[in-house]
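Student: Let me give you the structure first, and then I'll get to my questions.
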There are 2 protein chains.
Amino acid sequence: MSSATLRTTILWAALGALPYQHAVAQQTHTGSDPLPSWNEGATKRAILTFVARVTSPASPDFVAPADRIATFDNDGTLWQEKPLAELIFTLAKLKKMALTDSTLRQTQPFRAALEGDVAYLTGAGDEAMLELLTKTHSGMTEEEFALEVRSFLANARHPTLQRPYTELVYQPMLELLRYLRANGFTTWICSGGTTAFMRVFTGDVYGIPAQQIIGSDLKREPRTVKGRMVIWRLPAIETIDDKNGKPLNIDRQIGQRPLFAAGNVRSGGDVAHLEYSHSRIGPSLQLLVDHDDSDREFAYQEPKGESFAAAVKYGFTIVSMKRDWKTVFPPSPSTAR
Amino acid sequence: MSSATLRTTILWAALGALPYQHAVAQQTHTGSDPLPSWNEGATKRAILTFVARVTSPASPDFVAPADRIATFDNDGTLWQEKPLAELIFTLAKLKKMALTDSTLRQTQPFRAALEGDVAYLTGAGDEAMLELLTKTHSGMTEEEFALEVRSFLANARHPTLQRPYTELVYQPMLELLRYLRANGFTTWICSGGTTAFMRVFTGDVYGIPAQQIIGSDLKREPRTVKGRMVIWRLPAIETIDDKNGKPLNIDRQIGQRPLFAAGNVRSGGDVAHLEYSHSRIGPSLQLLVDHDDSDREFAYQEPKGESFAAAVKYGFTIVSMKRDWKTVFPPSPSTAR
């Protein structure tokens with residue numbers, strides 16, 4: 001390339017970059033910051049720059065609205081996960097079931113769960129967990145299950161933070177969801193919790209409708225009950241929406257790769273999810289939330305470190321709760337009054 | 001009830017009915033008929049009345065836009081199914097594979113399919129069909145499969161109607177899809193064809209995006225190919241979206257019952273689909289397309305008659321292609337020029 005051509009190229013590249021710089025500047029200089037709970041810094045800038053880059057019509061990386069797919073893990077990415085709300089629901093349901101079924105107190109892993117035998121449950125691992133899940137989540141219609149979850153969420157309080165689980169969502173992420181939708185993105189959840197559990201609150205809390213929830217699922221079958229066709233929940237697993245299950249279920253339900261994907265550090269459960277987005281041909285952005293804030297939430301790491309290793313390898317953007325978030329949870333409705 | 005109360009009730013009922021009659025009248029009297037390819041009659045009236053009834057804010061049966069879910073079978077409901085386009089694709093692909101894999105000519109059911117041995121294939125039934133399907137649809141990435149389907153659809157012509165399959169869609173149904181969307185419905189496909197096959201053309205042809213396609217699926221797995229994560233198609237069935245599979249997959253992907261559902265008479269494949277919609281609490285409408293038009297398309301019946309039996313039992317609205325449709329196919333782009 002001659003030096004004249006090089007200069008021209010640089011000039012064009014600079015002109016080409018203008019629209020996004022302008023777009024970002026607009027959002028931060030007019031006082032209408034779309035992400036007020038995010039501190040200024042590299043993470044916030046990465047998000048704003050990326051959105052401007054894929055939505056500005058003049059950008060060479062412009063992506064049509066139909067292809068602006070954003071997927072979010074739920075537990076630990078959109079709301080707190082210490083403890084998992086669905087695990088607390090599972091234990092509460094099991095206690096209720098034990099009142100009328102005395103065999104549960106004599107059979108493992110139900111006995112251990114009822115007696116709080118953490119050592120047994122830790123040793124028994126994932127299989128015991130799935131047995132607890134299928135036992136408590138089955139034997140009823142989809143509609144009946146939704147009513148049980150609704151009642152649980154209305155009454156349960158987090159053991160240490162003392163607020164309903166649906167209030168322990170991350171304010172910066174609520175702003176991010178709204179900001180992406182305002183920029184033509186379709187927002188999806190892709191999380192390890194069960195689809196039916198999440199669908200009960202994701203519409204009201206995140207503004208994400210039932211059809212945009214991808215989760216783990218029990219096997220089910222249509223049955224006729226009192227002359228009406230219902231979907232009956234069976235005590236077996238159909239799909240686990242974790243690790244490699246996430247790209248598969250995204251492919252099945254969305255049919256295209258996420259342009260934007262967000263997960264968190266804890267178990268490596270989002271590595272495949274974010275890698276799948278990163279392998280998209282063309283631009284993409286991946287966020288990985290790091291729980292490093294013991295003062296305002298919790299600080300925990302991942303035993304094997306797969307998430308950070310993948311972040312280094314693929315260039316995922318790390319979100320530090322401590323440094324990047326001005327606020328963690330929304331103000332409590334009860335204190336705000 | 002006293003006769004005075006009864007009169008009041010009738011009066012209120014009549015007033016209550018006014019908004020929809022008005023809405024229907026508007027659409028037919030202003031000359032902007034939303035369904036111009038539908039003949040006037042009971043079927044068209046049932047559709048227009050139903051849509052007005054669930055969308056007029058004053059109606060006691062008003063349904064919020066988020067709950068206006070419409071599901072359509074594809075083969076025989078939105079486009080012709082004699083023969084099934086995906087079956088023709090399967091046979092063409094098998095012939096191509098046989099050029100480099102001579103074992104196919106020595107193994108059933110591939111040999112029968114390559115030699116056009118209809119007697120063998122009829123006797124071998126569904127299992128042989130699934131073997132042909134998994135053999136030809138697997139061993140590649142989702143993206144590679146989509147390219148193969150795209151190329152097939154661009155070049156293939158219907159054996160007797162001599163037009164591309166994507167032109168052999170039903171003009172009245174295209175109008176119905178548009179009409180429903182204009183009234184706040186979200187339109188979905190729920191069909192026995194494979195999801196990946198349908199997604200190639202449903203956006204352009206029906207205006208239905210990839211994430212609103214529910215179909216049969218092969219098992220798949222994420223793999224890393226040349227440093228990039230891809231979804232690899234495996235030679236096994238994950239789900240058959242037919243009969244009882246339809247309500248299950250609708251529940252999984254949409255999370256609510258269809259307010260409006262359409263299928264057709266041929267195999268009873270849509271009975272559970274329409275019954276699931278009919279079991280919705282509140283209003284709902286089901287259409288069942290009857291292929292009774294040997295002049296303009298084909299006339300065929302269902303051997304066991306389950307679809308008509310269900311239509312009588314649940315009150316599904318029968319669409320007679322012969323009587324209800326003014327036109328069957330859109331004008332050919334090549335003749336229209």
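We label chains A, B, ... in the order they appear in the structure tokens, count residues from 1 in each chain, and number ligands from 1 in the order shown.
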Would you kindly report the residues of chain A within 6 Å of chain B, using only C-alpha atoms, as a list of chain:residue names?

Tutor: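 Residues satisfying the distance criterion: A:Ala210, A:Gln211, A:Arg228, A:Met229, A:Gln253, A:Ile254, A:Gly255, A:Tyr276, A:Ser279.
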
Student: List the neighbours of A:Ala154 out to 9 Å using only C-alpha atoms; skip same-chain residues closer than 2 positions along the sequence, and give me the result as a short mmCIF file (atom, residue, chain, number, x, y, z; two decimals) with C-alpha atoms, in the first residue's frame.

Tutor:
data_model
loop_
_atom_site.label_atom_id
_atom_site.label_comp_id
_atom_site.auth_asym_id
_atom_site.auth_seq_id
_atom_site.Cartn_x
_atom_site.Cartn_y
_atom_site.Cartn_z
CA VAL A 149 -44.38 -20.29 41.81
CA ARG A 150 -46.40 -17.07 41.89
CA SER A 151 -47.46 -17.72 45.46
CA PHE A 152 -43.87 -18.56 46.50
CA ALA A 156 -40.60 -15.57 50.17
CA ARG A 157 -37.83 -13.27 51.43
CA PRO A 164 -38.50 -10.53 47.89
CA TYR A 165 -36.39 -12.31 45.28
CA THR A 166 -38.03 -10.30 42.51
#

Student: Taking 6 positions as the minimum chain separation for residues in the same chain, which residues sit within 9 Å of stretch 284-291 of chain A when counting only C-alpha atoms? Answer as a PyMOL selection string.

Tutor: chain A and resi 43+46-47+50+54+76-77+258-266+270+274-275+277-278+297-301+307-308+311+315-322

Student: Counting only C-alpha atoms, figure out which residue out of A:Glu306, A:Glu238, A:Asp324, A:Glu175 gets nearest to A:Glu40.

Tutor: A:Asp324

Student: Which neighbours of B:Trp38 fall inside 8 Å, counting only C-alpha atoms, when residues of the same chain fewer than 5 positions from it are skipped, and could you give them as a list in words?

Tutor: Lys44, Pro172, Asp324, Trp325, Lys326 and Thr327 of chain B

Student: Could the residues in this selection be written to a file with all heavy atoms, as an mmCIF file, in the first residue's frame?

Tutor:
data_model
loop_
_atom_site.group_PDB
_atom_site.id
_atom_site.type_symbol
_atom_site.label_atom_id
_atom_site.label_comp_id
_atom_site.auth_asym_id
_atom_site.auth_seq_id
_atom_site.Cartn_x
_atom_site.Cartn_y
_atom_site.Cartn_z
ATOM 1 N N LYS B 44 -65.375 -16.548 6.089
ATOM 2 C CA LYS B 44 -64.769 -15.215 6.149
ATOM 3 C C LYS B 44 -65.391 -14.400 7.288
ATOM 4 O O LYS B 44 -64.682 -13.722 8.034
ATOM 5 C CB LYS B 44 -64.978 -14.507 4.807
ATOM 6 C CG LYS B 44 -64.356 -13.121 4.721
ATOM 7 C CD LYS B 44 -64.451 -12.582 3.308
ATOM 8 C CE LYS B 44 -63.775 -11.234 3.163
ATOM 9 N NZ LYS B 44 -63.711 -10.818 1.745
ATOM 10 N N PRO B 172 -54.899 -16.653 -0.030
ATOM 11 C CA PRO B 172 -55.807 -16.251 1.066
ATOM 12 C C PRO B 172 -55.129 -16.341 2.437
ATOM 13 O O PRO B 172 -55.416 -15.530 3.327
ATOM 14 C CB PRO B 172 -56.952 -17.278 0.971
ATOM 15 C CG PRO B 172 -56.902 -17.785 -0.446
ATOM 16 C CD PRO B 172 -55.454 -17.780 -0.823
ATOM 17 N N ASP B 324 -64.495 -21.265 -0.332
ATOM 18 C CA ASP B 324 -64.095 -20.079 0.442
ATOM 19 C C ASP B 324 -63.002 -19.238 -0.195
ATOM 20 O O ASP B 324 -62.808 -18.093 0.189
ATOM 21 C CB ASP B 324 -63.663 -20.502 1.857
ATOM 22 C CG ASP B 324 -64.845 -20.977 2.707
ATOM 23 O OD1 ASP B 324 -65.917 -20.351 2.599
ATOM 24 O OD2 ASP B 324 -64.696 -21.960 3.451
ATOM 25 N N TRP B 325 -62.274 -19.830 -1.145
ATOM 26 C CA TRP B 325 -61.140 -19.101 -1.706
ATOM 27 C C TRP B 325 -61.399 -18.662 -3.149
ATOM 28 O O TRP B 325 -61.646 -19.486 -4.021
ATOM 29 C CB TRP B 325 -59.858 -19.967 -1.635
ATOM 30 C CG TRP B 325 -59.345 -20.138 -0.227
ATOM 31 C CD1 TRP B 325 -59.865 -19.587 0.908
ATOM 32 C CD2 TRP B 325 -58.207 -20.916 0.185
ATOM 33 N NE1 TRP B 325 -59.124 -19.968 2.002
ATOM 34 C CE2 TRP B 325 -58.099 -20.782 1.600
ATOM 35 C CE3 TRP B 325 -57.267 -21.701 -0.493
ATOM 36 C CZ2 TRP B 325 -57.096 -21.408 2.335
ATOM 37 C CZ3 TRP B 325 -56.268 -22.319 0.252
ATOM 38 C CH2 TRP B 325 -56.178 -22.167 1.648
ATOM 39 N N LYS B 326 -61.272 -17.370 -3.364
ATOM 40 C CA LYS B 326 -61.439 -16.785 -4.692
ATOM 41 C C LYS B 326 -60.253 -17.162 -5.567
ATOM 42 O O LYS B 326 -60.388 -17.437 -6.754
ATOM 43 C CB LYS B 326 -61.510 -15.254 -4.536
ATOM 44 C CG LYS B 326 -62.426 -14.555 -5.497
ATOM 45 C CD LYS B 326 -62.575 -13.079 -5.103
ATOM 46 C CE LYS B 326 -63.629 -12.892 -4.015
ATOM 47 N NZ LYS B 326 -63.769 -11.497 -3.567
ATOM 48 N N THR B 327 -59.090 -17.111 -4.993
ATOM 49 C CA THR B 327 -57.828 -17.465 -5.651
ATOM 50 C C THR B 327 -57.149 -18.491 -4.754
ATOM 51 O O THR B 327 -57.341 -18.443 -3.542
ATOM 52 C CB THR B 327 -56.871 -16.250 -5.676
ATOM 53 O OG1 THR B 327 -57.639 -15.088 -5.941
ATOM 54 C CG2 THR B 327 -55.769 -16.433 -6.692
#

Student: Can you check which residues of stretch 5-248 of chain B DSSP gives as alpha helix (DSSP H) on the backbone and send them as a count of residues only?

Tutor: 123

Student: Do a neighbour search on stretch 122-127 of chain B at 12 Å with only C-alpha atoms, toss out local chain neighbours closer than 6 positions, and write the hits as a list of chain:residue names.

Tutor: B:Gln108, B:Pro109, B:Phe110, B:Ala112, B:Ala113, B:Gly116, B:Leu133, B:Thr134, B:Ala236, B:Ile237, B:Ile240

Student: DSSP on the backbone: which residues in stretch 165-204 of chain B end up as strand (DSSP E)? Give the answer as a PyMOL selection string.

Tutor: chain B and resi 186-194

Student: With only C-alpha atoms as the atoms that count, which of B:Pro57, B:Pro159, B:Pro333, B:Gly207 lies nearest to B:Thr186?

Tutor: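 Once distances to B:Thr186 are computed over only C-alpha atoms, the minimum belongs to B:Gly207.
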
Student: Between atom CA of A:Trp79 and atom CA of A:Lys243, what is the distance, to one decimal in Å?

Tutor: 19.0 Å

Student: Please measure the separation of atom CA of A:Ala309 and atom CA of A:Asp242, giving the value in Å to one decimal.

Tutor: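 Between atom CA of A:Ala309 and atom CA of A:Asp242 the gap is 18.0 Å.
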
Student: Using Å and a single decimal, report how far atom CA of B:Leu121 sits from atom CA of B:Asp75.

Tutor: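 That distance, rounded to one decimal, is 20.5 Å.
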